[in-house]
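Text of the file final-v5.txt, holding compact mmCIF, C-alpha atoms:
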# COMPACT_ATOMS: atom_id res chain seq x y z
CA MET X 20 -134.55 -38.55 -135.30
CA ALA X 21 -132.32 -39.78 -132.48
CA ALA X 22 -128.98 -41.28 -133.47
CA SER X 23 -128.64 -45.04 -133.26
CA GLU X 24 -127.08 -46.24 -130.02
CA ILE X 25 -123.44 -47.40 -129.99
CA THR X 26 -122.41 -49.91 -127.33
CA LEU X 27 -118.92 -51.22 -126.64
CA GLU X 28 -117.90 -54.72 -125.62
CA ALA X 29 -114.62 -56.64 -125.26
CA VAL X 30 -114.55 -60.38 -125.97
CA SER X 31 -111.92 -62.94 -125.01
CA SER X 32 -111.69 -64.88 -128.28
CA VAL X 33 -112.07 -64.27 -131.98
CA SER X 34 -114.27 -67.37 -132.00
CA GLN X 35 -116.92 -65.33 -130.17
CA ILE X 36 -117.27 -63.06 -133.21
CA PRO X 37 -119.03 -64.43 -136.32
CA ALA X 38 -116.57 -64.63 -139.21
CA GLU X 39 -118.94 -62.80 -141.54
CA ASP X 40 -119.19 -59.86 -139.12
CA TRP X 41 -115.43 -59.73 -138.53
CA ASP X 42 -114.60 -59.85 -142.23
CA ALA X 43 -117.29 -57.29 -143.09
CA CYS X 44 -115.35 -54.89 -140.85
CA ALA X 45 -111.80 -56.02 -141.68
CA ASN X 46 -112.04 -56.44 -145.45
CA PRO X 47 -115.38 -54.92 -146.53
CA VAL X 48 -116.45 -54.81 -150.16
CA PRO X 49 -117.26 -51.19 -151.04
CA ASP X 50 -120.50 -50.36 -152.82
CA ARG X 51 -119.82 -51.05 -156.48
CA THR X 52 -121.31 -47.69 -157.41
CA CYS X 53 -118.50 -45.97 -155.46
CA LEU X 54 -115.47 -47.93 -156.63
CA ASN X 55 -113.95 -44.99 -158.51
CA GLY X 56 -113.75 -42.92 -155.34
CA LEU X 57 -113.39 -44.96 -152.17
CA ASP X 58 -114.76 -43.28 -149.07
CA THR X 59 -112.30 -41.76 -146.59
CA LEU X 60 -114.73 -40.29 -144.06
CA GLY X 61 -113.15 -39.09 -140.87
CA GLY X 62 -109.68 -39.51 -142.32
CA LEU X 63 -110.00 -43.29 -141.97
CA ASP X 64 -109.11 -45.33 -145.06
CA THR X 65 -112.02 -47.43 -146.23
CA PRO X 66 -110.74 -50.95 -145.66
CA ALA X 67 -110.46 -53.66 -148.14
CA SER X 68 -112.20 -56.46 -149.88
CA THR X 69 -112.83 -60.13 -149.30
CA ASN X 70 -111.94 -60.95 -152.90
CA PRO X 71 -109.45 -63.83 -152.95
CA ALA X 72 -105.97 -62.47 -153.48
CA ALA X 73 -105.41 -65.02 -156.23
CA ASP X 74 -108.08 -63.33 -158.34
CA SER X 75 -106.96 -59.74 -157.93
CA GLY X 76 -103.93 -57.72 -158.93
CA ALA X 77 -102.54 -54.23 -158.99
CA GLY X 78 -105.46 -52.90 -161.00
CA SER X 79 -108.12 -54.10 -158.57
CA ALA X 80 -110.32 -51.58 -156.76
CA PHE X 81 -110.36 -53.85 -153.69
CA HIS X 82 -107.66 -53.99 -151.02
CA TYR X 83 -107.65 -57.35 -149.30
CA ASN X 84 -105.31 -57.76 -146.33
CA PRO X 85 -104.98 -61.42 -145.26
CA PHE X 86 -103.58 -60.58 -141.82
CA VAL X 87 -106.78 -58.93 -140.58
CA SER X 88 -109.04 -61.73 -141.80
CA HIS X 89 -110.99 -63.78 -139.28
CA ARG X 90 -109.21 -66.90 -140.55
CA PHE X 91 -105.77 -65.55 -139.67
CA PHE X 92 -106.73 -64.53 -136.14
CA ALA X 93 -108.61 -67.80 -135.65
CA ALA X 94 -105.47 -69.75 -136.62
CA LEU X 95 -103.34 -67.72 -134.20
CA GLU X 96 -105.69 -68.26 -131.29
CA ALA X 97 -106.88 -71.84 -131.96
CA SER X 98 -103.29 -73.02 -132.44
CA GLY X 99 -102.21 -71.69 -129.04
CA SER X 100 -99.84 -69.18 -130.62
CA ALA X 101 -101.70 -66.09 -129.34
CA CYS X 102 -103.47 -66.91 -126.09
CA ALA X 103 -103.34 -66.01 -122.40
CA ARG X 104 -100.80 -68.77 -121.75
CA THR X 105 -98.30 -67.15 -124.14
CA GLY X 106 -98.97 -63.65 -122.78
CA TRP X 107 -101.42 -62.67 -125.52
CA GLY X 108 -104.85 -62.60 -123.85
CA PRO X 109 -107.50 -61.62 -126.44
CA ARG X 110 -109.57 -58.54 -125.60
CA HIS X 111 -111.08 -57.72 -128.98
CA LEU X 112 -113.05 -54.47 -128.80
CA LEU X 113 -116.44 -54.37 -130.53
CA ALA X 114 -118.55 -51.33 -131.37
CA LYS X 115 -122.17 -52.30 -131.90
CA LEU X 116 -124.74 -50.12 -133.61
CA ASP X 117 -128.22 -51.03 -132.36
CA GLY X 118 -126.83 -54.44 -131.44
CA ALA X 119 -125.08 -55.16 -134.76
CA ILE X 120 -121.26 -55.18 -134.99
CA ALA X 121 -120.12 -52.03 -136.81
CA GLY X 122 -116.46 -51.85 -135.79
CA ILE X 123 -113.72 -53.96 -134.26
CA VAL X 124 -110.25 -53.40 -132.88
CA PRO X 125 -108.17 -56.60 -132.66
CA CYS X 126 -106.64 -56.25 -129.20
CA TYR X 127 -104.66 -58.29 -126.68
CA LEU X 128 -103.86 -57.87 -123.00
CA LYS X 129 -100.11 -58.41 -122.81
CA SER X 130 -97.87 -59.45 -119.93
CA HIS X 131 -94.65 -58.77 -121.88
CA SER X 132 -93.42 -56.95 -125.00
CA GLN X 133 -92.41 -59.91 -127.16
CA GLY X 134 -93.57 -60.52 -130.72
CA GLU X 135 -94.50 -56.90 -131.46
CA TYR X 136 -91.59 -55.42 -133.52
CA VAL X 137 -92.25 -51.93 -132.13
CA PHE X 138 -89.97 -51.83 -129.15
CA ASP X 139 -91.09 -50.32 -125.84
CA ARG X 140 -88.93 -52.28 -123.37
CA GLY X 141 -87.03 -49.10 -122.52
CA TRP X 142 -90.32 -47.43 -121.57
CA ALA X 143 -91.24 -50.42 -119.40
CA ASP X 144 -87.87 -50.49 -117.65
CA ALA X 145 -87.92 -46.75 -116.92
CA TYR X 146 -91.48 -46.83 -115.60
CA GLU X 147 -90.86 -49.81 -113.34
CA ARG X 148 -87.61 -48.31 -112.00
CA ALA X 149 -89.70 -45.29 -111.03
CA GLY X 150 -92.11 -47.53 -109.13
CA GLY X 151 -94.77 -47.97 -111.80
CA ARG X 152 -96.30 -51.16 -113.18
CA TYR X 153 -96.06 -51.29 -116.98
CA TYR X 154 -97.66 -54.69 -117.47
CA PRO X 155 -100.35 -55.54 -118.31
CA LYS X 156 -100.67 -53.38 -121.37
CA LEU X 157 -103.05 -53.49 -124.34
CA GLN X 158 -101.72 -54.26 -127.80
CA ALA X 159 -103.93 -53.46 -130.80
CA SER X 160 -102.18 -55.34 -133.55
CA VAL X 161 -101.83 -58.59 -135.45
CA PRO X 162 -99.65 -60.79 -133.22
CA PHE X 163 -96.14 -61.55 -134.48
CA THR X 164 -96.83 -59.65 -137.72
CA PRO X 165 -94.95 -56.41 -138.51
CA ALA X 166 -97.10 -55.55 -141.53
CA THR X 167 -99.08 -52.36 -142.06
CA GLY X 168 -102.83 -52.76 -142.17
CA PRO X 169 -106.10 -51.43 -140.76
CA ARG X 170 -106.41 -51.49 -136.98
CA LEU X 171 -109.75 -49.72 -136.58
CA LEU X 172 -111.86 -52.17 -138.56
CA ILE X 173 -115.09 -50.46 -139.59
CA ARG X 174 -117.95 -51.95 -141.57
CA ASP X 175 -118.82 -50.27 -144.86
CA GLY X 176 -121.97 -48.17 -144.95
CA VAL X 177 -121.82 -46.79 -141.39
CA ASP X 178 -120.75 -43.38 -140.11
CA LYS X 179 -117.00 -43.97 -139.94
CA ASP X 180 -116.38 -40.79 -137.93
CA ARG X 181 -118.78 -41.90 -135.24
CA ILE X 182 -117.68 -45.54 -135.07
CA GLY X 183 -114.01 -44.49 -135.16
CA ASP X 184 -114.57 -42.08 -132.27
CA ALA X 185 -116.29 -44.86 -130.30
CA LEU X 186 -113.45 -47.32 -130.93
CA ALA X 187 -110.76 -44.79 -129.97
CA SER X 188 -112.52 -43.82 -126.74
CA GLY X 189 -113.29 -47.50 -126.15
CA LEU X 190 -109.59 -48.36 -126.18
CA VAL X 191 -108.97 -45.75 -123.48
CA ALA X 192 -111.88 -47.10 -121.43
CA LEU X 193 -110.62 -50.69 -121.88
CA CYS X 194 -107.19 -49.58 -120.68
CA ASP X 195 -108.78 -48.29 -117.49
CA ALA X 196 -111.04 -51.34 -117.04
CA THR X 197 -108.17 -53.82 -117.36
CA LYS X 198 -105.82 -51.71 -115.20
CA ALA X 199 -103.37 -51.60 -118.10
CA SER X 200 -100.64 -48.97 -118.25
CA SER X 201 -101.09 -48.19 -121.92
CA VAL X 202 -102.56 -49.00 -125.33
CA HIS X 203 -100.30 -49.60 -128.34
CA VAL X 204 -101.78 -49.52 -131.85
CA THR X 205 -98.93 -50.76 -134.03
CA PHE X 206 -98.35 -50.93 -137.79
CA ALA X 207 -101.46 -48.84 -138.38
CA ARG X 208 -102.28 -46.98 -141.54
CA GLU X 209 -101.15 -43.37 -141.61
CA ALA X 210 -104.74 -42.07 -141.59
CA GLU X 211 -105.49 -44.07 -138.43
CA TRP X 212 -102.27 -42.76 -136.85
CA LYS X 213 -103.43 -39.20 -137.42
CA PHE X 214 -106.96 -40.00 -136.28
CA LEU X 215 -105.78 -41.53 -133.01
CA ALA X 216 -103.51 -38.56 -132.36
CA GLU X 217 -106.67 -36.43 -132.23
CA HIS X 218 -107.84 -38.72 -129.42
CA GLY X 219 -104.75 -38.27 -127.24
CA PHE X 220 -102.55 -41.05 -128.59
CA LEU X 221 -98.83 -40.32 -129.05
CA GLN X 222 -97.39 -40.71 -132.53
CA ARG X 223 -94.44 -42.96 -133.29
CA ASN X 224 -92.59 -43.74 -136.54
CA ASP X 225 -90.19 -46.42 -137.60
CA GLN X 226 -89.10 -47.72 -140.97
CA GLN X 227 -89.15 -50.88 -143.03
CA PHE X 228 -87.92 -51.61 -146.54
CA HIS X 229 -90.44 -52.22 -149.31
CA TRP X 230 -90.11 -52.98 -153.00
CA HIS X 231 -92.37 -51.13 -155.42
CA ASN X 232 -93.50 -52.43 -158.79
CA GLN X 233 -93.19 -49.77 -161.47
CA GLY X 234 -95.16 -51.78 -164.02
CA TYR X 235 -92.32 -54.21 -164.73
CA GLN X 236 -93.00 -57.03 -167.18
CA ASN X 237 -90.24 -59.25 -165.79
CA PHE X 238 -87.27 -59.28 -163.44
CA ASP X 239 -84.93 -57.93 -166.13
CA ASP X 240 -87.12 -54.83 -166.44
CA PHE X 241 -86.54 -54.22 -162.74
CA LEU X 242 -82.80 -54.81 -163.08
CA ALA X 243 -82.63 -52.24 -165.86
CA THR X 244 -83.60 -49.52 -163.38
CA LEU X 245 -80.56 -50.23 -161.16
CA ASN X 246 -77.08 -48.83 -161.51
CA SER X 247 -74.48 -51.09 -163.08
CA ARG X 248 -72.81 -52.16 -159.84
CA HIS X 249 -75.98 -53.31 -158.15
CA ARG X 250 -77.38 -54.88 -161.31
CA LYS X 251 -74.29 -57.04 -161.73
CA ALA X 252 -74.24 -57.92 -158.03
CA ILE X 253 -77.82 -59.18 -158.07
CA LYS X 254 -77.24 -61.27 -161.17
CA ARG X 255 -74.20 -62.84 -159.50
CA GLU X 256 -76.10 -63.46 -156.25
CA ARG X 257 -78.97 -65.19 -158.05
CA ARG X 258 -76.55 -67.38 -159.99
CA ASP X 259 -74.41 -68.28 -156.98
CA ALA X 260 -77.43 -69.04 -154.78
CA LEU X 261 -78.22 -72.05 -156.99
CA ALA X 262 -74.63 -73.15 -157.58
CA SER X 263 -74.84 -76.24 -155.34
CA GLY X 264 -77.60 -77.94 -157.28
CA ILE X 265 -80.35 -76.08 -155.44
CA THR X 266 -83.77 -75.73 -157.03
CA ILE X 267 -86.43 -73.20 -156.02
CA HIS X 268 -90.13 -74.05 -155.76
CA ALA X 269 -92.90 -71.45 -155.34
CA LEU X 270 -95.84 -73.22 -153.70
CA THR X 271 -99.34 -71.88 -153.14
CA GLY X 272 -102.81 -73.28 -152.69
CA ALA X 273 -103.09 -77.06 -152.93
CA ASP X 274 -99.38 -77.35 -153.79
CA ILE X 275 -98.53 -76.69 -150.12
CA THR X 276 -98.57 -80.16 -148.55
CA GLU X 277 -98.17 -81.18 -144.92
CA ASP X 278 -94.71 -82.43 -145.88
CA ALA X 279 -93.81 -78.90 -146.98
CA TRP X 280 -95.26 -77.49 -143.75
CA ASP X 281 -93.25 -79.99 -141.68
CA ALA X 282 -90.06 -78.92 -143.42
CA PHE X 283 -90.83 -75.22 -143.17
CA PHE X 284 -91.64 -75.52 -139.46
CA ASP X 285 -88.23 -77.11 -138.90
CA PHE X 286 -86.64 -74.11 -140.63
CA TYR X 287 -88.75 -71.71 -138.59
CA MET X 288 -87.82 -73.39 -135.31
CA GLU X 289 -84.11 -73.46 -136.14
CA THR X 290 -83.97 -69.77 -137.04
CA GLY X 291 -86.38 -68.66 -134.30
CA SER X 292 -84.48 -70.51 -131.60
CA ARG X 293 -81.28 -68.73 -132.60
CA LYS X 294 -82.83 -65.26 -132.89
CA TRP X 295 -85.56 -65.10 -130.22
CA GLY X 296 -84.99 -68.03 -127.87
CA ARG X 297 -88.56 -69.31 -128.29
CA PRO X 298 -90.37 -69.14 -131.63
CA TYR X 299 -93.85 -67.68 -131.41
CA LEU X 300 -95.90 -69.78 -133.83
CA THR X 301 -96.87 -73.40 -133.18
CA ARG X 302 -96.84 -76.20 -135.73
CA ALA X 303 -100.65 -76.29 -135.56
CA PHE X 304 -100.82 -72.68 -136.80
CA PHE X 305 -99.30 -73.63 -140.14
CA SER X 306 -101.69 -76.54 -140.67
CA LEU X 307 -104.64 -74.28 -139.87
CA ILE X 308 -103.68 -71.61 -142.38
CA GLY X 309 -103.01 -74.41 -144.87
CA GLU X 310 -106.59 -75.57 -144.38
CA THR X 311 -108.32 -72.20 -144.35
CA MET X 312 -106.27 -69.73 -146.41
CA ALA X 313 -103.78 -71.64 -148.59
CA LYS X 314 -104.60 -69.42 -151.58
CA ASP X 315 -103.34 -66.46 -149.54
CA VAL X 316 -99.97 -68.14 -148.90
CA LEU X 317 -96.82 -68.26 -151.02
CA LEU X 318 -94.27 -70.71 -149.66
CA VAL X 319 -90.91 -70.36 -151.41
CA MET X 320 -88.89 -73.52 -150.77
CA ALA X 321 -85.33 -74.51 -151.71
CA ARG X 322 -84.48 -78.15 -152.39
CA ARG X 323 -81.13 -79.95 -152.67
CA ASN X 324 -80.32 -83.64 -152.99
CA GLY X 325 -83.95 -84.62 -152.69
CA ARG X 326 -84.84 -82.72 -149.50
CA TRP X 327 -86.09 -79.29 -148.51
CA ILE X 328 -83.27 -77.18 -147.07
CA ALA X 329 -84.70 -73.64 -146.74
CA GLY X 330 -87.90 -71.69 -147.13
CA ALA X 331 -89.77 -68.42 -146.68
CA ILE X 332 -93.46 -67.83 -146.08
CA ASN X 333 -95.29 -64.93 -147.69
CA PHE X 334 -98.94 -63.85 -147.58
CA ILE X 335 -100.71 -62.55 -150.67
CA GLY X 336 -102.90 -59.46 -150.52
CA SER X 337 -104.80 -57.87 -153.38
CA ASP X 338 -101.93 -55.50 -154.18
CA THR X 339 -99.15 -56.47 -151.74
CA LEU X 340 -96.99 -59.52 -151.09
CA PHE X 341 -96.11 -59.66 -147.40
CA GLY X 342 -92.84 -61.43 -146.63
CA ARG X 343 -92.81 -63.03 -143.19
CA ASN X 344 -90.62 -65.81 -141.81
CA TRP X 345 -87.52 -67.48 -143.23
CA GLY X 346 -85.42 -70.41 -142.10
CA ALA X 347 -82.85 -72.94 -143.31
CA ILE X 348 -81.13 -76.13 -142.20
CA GLU X 349 -78.35 -75.71 -144.77
CA HIS X 350 -76.66 -72.38 -145.33
CA HIS X 351 -75.44 -71.42 -148.81
CA PRO X 352 -74.15 -68.05 -150.05
CA PHE X 353 -76.94 -65.70 -151.12
CA LEU X 354 -79.69 -68.33 -150.71
CA HIS X 355 -81.46 -66.10 -148.19
CA PHE X 356 -81.57 -63.23 -150.68
CA GLU X 357 -82.87 -65.48 -153.46
CA VAL X 358 -85.61 -67.16 -151.40
CA CYS X 359 -86.77 -64.09 -149.49
CA TYR X 360 -86.25 -61.11 -151.81
CA TYR X 361 -85.70 -62.03 -155.45
CA GLN X 362 -88.37 -64.74 -155.58
CA ALA X 363 -90.80 -62.31 -153.94
CA ILE X 364 -90.07 -59.72 -156.63
CA ASP X 365 -90.53 -62.34 -159.36
CA PHE X 366 -93.88 -63.39 -157.90
CA ALA X 367 -95.10 -59.81 -157.46
CA ILE X 368 -94.26 -58.96 -161.05
CA GLY X 369 -96.00 -62.09 -162.30
CA ARG X 370 -99.14 -61.33 -160.25
CA GLY X 371 -99.15 -57.61 -160.98
CA LEU X 372 -98.82 -56.76 -157.29
CA LYS X 373 -97.77 -53.20 -156.45
CA THR X 374 -95.61 -53.80 -153.39
CA VAL X 375 -93.49 -56.34 -151.56
CA GLU X 376 -93.27 -55.72 -147.81
CA ALA X 377 -90.19 -57.58 -146.63
CA GLY X 378 -90.87 -57.52 -142.89
CA ALA X 379 -89.00 -55.81 -140.09
CA GLN X 380 -85.55 -54.20 -140.17
CA GLY X 381 -82.68 -54.99 -142.55
CA GLU X 382 -80.78 -52.21 -144.30
CA HIS X 383 -79.16 -54.91 -146.46
CA LYS X 384 -82.47 -54.95 -148.37
CA ILE X 385 -81.66 -51.56 -149.93
CA ALA X 386 -79.04 -53.01 -152.25
CA ARG X 387 -81.71 -55.45 -153.47
CA GLY X 388 -84.12 -52.68 -154.51
CA TYR X 389 -86.15 -52.35 -151.30
CA LEU X 390 -86.41 -48.73 -150.18
CA PRO X 391 -87.23 -47.12 -146.81
CA GLN X 392 -90.91 -46.92 -145.93
CA THR X 393 -92.24 -45.15 -142.85
CA THR X 394 -94.38 -47.19 -140.47
CA TYR X 395 -96.85 -45.77 -137.96
CA SER X 396 -97.93 -46.60 -134.42
CA ALA X 397 -100.06 -44.75 -131.87
CA HIS X 398 -99.69 -45.03 -128.09
CA TYR X 399 -102.02 -44.06 -125.27
CA ILE X 400 -100.10 -43.75 -121.98
CA ALA X 401 -102.29 -43.54 -118.88
CA ASP X 402 -99.73 -42.05 -116.47
CA SER X 403 -99.25 -38.33 -117.19
CA GLY X 404 -95.59 -38.28 -116.14
CA LEU X 405 -94.66 -41.25 -118.31
CA ARG X 406 -96.71 -39.78 -121.16
CA ARG X 407 -94.74 -36.51 -121.08
CA ALA X 408 -91.40 -38.31 -121.03
CA ILE X 409 -92.36 -40.58 -123.94
CA ALA X 410 -93.78 -37.65 -125.93
CA ASP X 411 -90.44 -35.84 -125.71
CA TYR X 412 -88.59 -38.98 -126.77
CA LEU X 413 -90.91 -39.65 -129.71
CA LYS X 414 -90.49 -36.12 -131.07
CA GLN X 415 -86.74 -36.71 -131.38
CA GLU X 416 -87.21 -40.25 -132.69
CA ARG X 417 -89.56 -39.12 -135.47
CA ALA X 418 -87.00 -36.58 -136.67
CA TYR X 419 -84.28 -39.23 -136.64
CA VAL X 420 -86.41 -41.73 -138.60
CA ALA X 421 -87.28 -39.12 -141.24
CA GLU X 422 -83.65 -38.12 -141.73
CA ALA X 423 -82.45 -41.72 -141.86
CA ALA X 424 -85.06 -42.53 -144.51
CA ARG X 425 -83.95 -39.58 -146.62
CA GLU X 426 -80.28 -40.59 -146.46
CA LEU X 427 -80.96 -44.26 -147.16
CA THR X 428 -83.18 -43.45 -150.12
CA GLU X 429 -80.48 -41.26 -151.64
CA ALA X 430 -78.00 -44.12 -151.24
CA GLY X 431 -80.32 -46.57 -152.99
CA PRO X 432 -79.28 -48.78 -155.93
CA PHE X 433 -81.37 -47.11 -158.62
CA ARG X 434 -79.84 -45.28 -161.57
CA LYS X 435 -79.60 -41.56 -160.95
CA SER X 436 -79.77 -40.59 -164.62
CA ALA X 437 -81.34 -42.07 -167.74
CA ASP X 438 -78.02 -42.29 -169.58
CA GLU X 439 -76.39 -44.66 -167.07
CA THR X 440 -76.75 -47.96 -168.93
CA SER X 441 -73.34 -49.58 -168.64
Go ahead and express the file in the form of structure tokens.
Amino acid sequence: MAASEITLEAVSSVSQIPAEDWDACANPVPDRTCLNGLDTLGGLDTPASTNPAADSGAGSAFHYNPFVSHRFFAALEASGSACARTGWGPRHLLAKLDGAIAGIVPCYLKSHSQGEYVFDRGWADAYERAGGRYYPKLQASVPFTPATGPRLLIRDGVDKDRIGDALASGLVALCDATKASSVHVTFAREAEWKFLAEHGFLQRNDQQFHWHNQGYQNFDDFLATLNSRHRKAIKRERRDALASGITIHALTGADITEDAWDAFFDFYMETGSRKWGRPYLTRAFFSLIGETMAKDVLLVMARRNGRWIAGAINFIGSDTLFGRNWGAIEHHPFLHFEVCYYQAIDFAIGRGLKTVEAGAQGEHKIARGYLPQTTYSAHYIADSGLRRAIADYLKQERAYVAEAARELTEAGPFRKSADETS
């Protein structure tokens, strides 16, 4: 029997893709008869579930990632945060099997390198000095979101090898069709990183700092695993963060009001304007996610003298809490650590979540119990000369990242021996 035909298509808006088809690829529910051994055909992780994060914890067989949901991309695009005007022109790649969507790569045609958190400006500068044209380029990622997740979204129940091959070759073909210089698949899963390398993509590593739940019952259980110096420092930081009459409020679901969003957006704008010049997300984005995915959001807010003064937004997956943006209009010692890191740990322990991903960069997170975690990106470079130069650079960079992770892990705050209890 002849194999079913695969066709490829790129669309200019997530709204052109039915939500049920997108989510069936992004967060598919595996066959319940196979839950004890999730499929990994072709080296590609079977993606996750559409189960609400609020109803699932560390023991769940499903792996829901809110950032690859149709609702998240719809909020980014409908709010004007990720659109052609801001330099993020949607070019979502679809693989159809006999006319039905079997795989998707969320993809954008970019006119700059902002909002990506995997930095290639040096590549762009070198190529353009040599007479090349680096932009436009294709970015296969979740805009403004440095969080690991699936990038080759494949529906359950299809031949993942075959659909994966089609999507990988489709990205190369889309690069040629759009006259882009390159394709950048960022914050991918390790299995996808290896898979794309087999299709001519260059491999890049970086690192973040993640906290891992070792079955703790409460925050004190976590503290007990740290050496004395760091344990005492964290206790002091948590105490001092609230010394000015500050109260902390963990809001999710219906508890997140438009008043809270207004305040948080002010914090976001204040911090973003200082750090980036122009914040990426619009006010409308926050209202949209409040309407469509509030149960996936944890908003940690600090209040003093009757008004909100600081906050951090997190997104809740089935086994991971993803820390994203933080901001404040009053600055108090250690408040950032309390709102962003310690409250996230408290919430993860309470929900039974396995991991807290605390976003990009920040070696100061190590002292708070967040350890180095390798991140993965894959890069197709059309020009052979630029590809050779970048390949040489990435080989050295990967070695540096691995060594840095080893040294930072050894310098971590955890007790080195069971008898260190003082």
*Determine, counting all atoms listed in the file, which protein, DNA and RNA residues have an atom within 8 Å of an atom of range 119-122 of chain X; residues of the same chain fewer than 4 positions away are not included. Present the result as a PyMOL selection string.*
chain X and resi 40+44+113-115+171-174+177+182-183+186
_Straight-line distance linking CA of Ile123 in chain X with CA of Val33 in chain X, stated in Å to one decimal_ = 10.7 Å
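Atom pair CA of Tyr287 in chain X / CA of Thr164 in chain X has a distance of 14.5 Å (rounded to one decimal).
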*asked:* Could you check the closest approach to Lys314 in chain X for each of X:Thr290, X:Thr271, X:Ser34, X:Thr339 and tell me which residue wins, using all atoms listed in the file?
replied: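 Using all atoms listed in the file, the shortest distance to Lys314 in chain X belongs to X:Thr271.
Picture a line from CA of Asn344 in chain X to CA of Phe283 in chain X; it runs 9.5 Å.
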*Pro391 in chain X: which residues within 6 Å, counting all atoms listed in the file, same-chain residues fewer than 6 positions away excluded, as a list of chain:residue names?*
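Counting all atoms listed in the file, the residues come to X:Gln227, X:Phe228, X:Ala424.
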Counting all atoms listed in the file, which residues of range 221-252 of chain X fall within 8 Å of range 359-382 of chain X, and what is the closest atom pair for each with its distance in Å at one decimal, ordered by chain and rising number, as a Markdown table?
| residue | atom | partner | partner_atom | distance |
| --- | --- | --- | --- | --- |
| X:Gln226 | CA | X:Gln380 | CA | 7.4 |
| X:Gln227 | CA | X:Gln380 | CA | 5.7 |
| X:Phe228 | CA | X:Ala377 | CA | 6.4 |
| X:His229 | CA | X:Glu376 | CA | 4.7 |
| X:Trp230 | CA | X:Val375 | CA | 5.0 |
| X:His231 | CA | X:Thr374 | CA | 4.7 |
| X:Asn232 | CA | X:Lys373 | CA | 4.9 |
| X:Gln233 | CA | X:Lys373 | CA | 7.6 |
| X:Gly234 | CA | X:Gly371 | CA | 7.7 |
| X:Tyr235 | CA | X:Ile368 | CA | 6.3 |
| X:Gln236 | CA | X:Ile368 | CA | 6.5 |
| X:Asn237 | CA | X:Ile368 | CA | 6.2 |
| X:Phe238 | CA | X:Asp365 | CA | 6.1 |
*Expected residue set, 9 Å radius at (-90.9, -50.2, -133.9), all atoms listed in the file, as an MDAnalysis selection string*: chainID X and resid 135:139 165 205:206 223:226 379 394:396
_Is it possible to get the residues within 12 Å of (-103.1, -41.8, -117.3) (coordinates as in the file, counting all atoms listed in the file) written as a list in words?_
Gly151, Tyr153, Val191, Ala192, Cys194, Asp195, Lys198, Ala199, Ser200, Ser201, Val202, Gly219, Phe220, His398, Tyr399, Ile400, Ala401, Asp402, Ser403, Gly404, Leu405, Arg406 and Arg407 of chain X
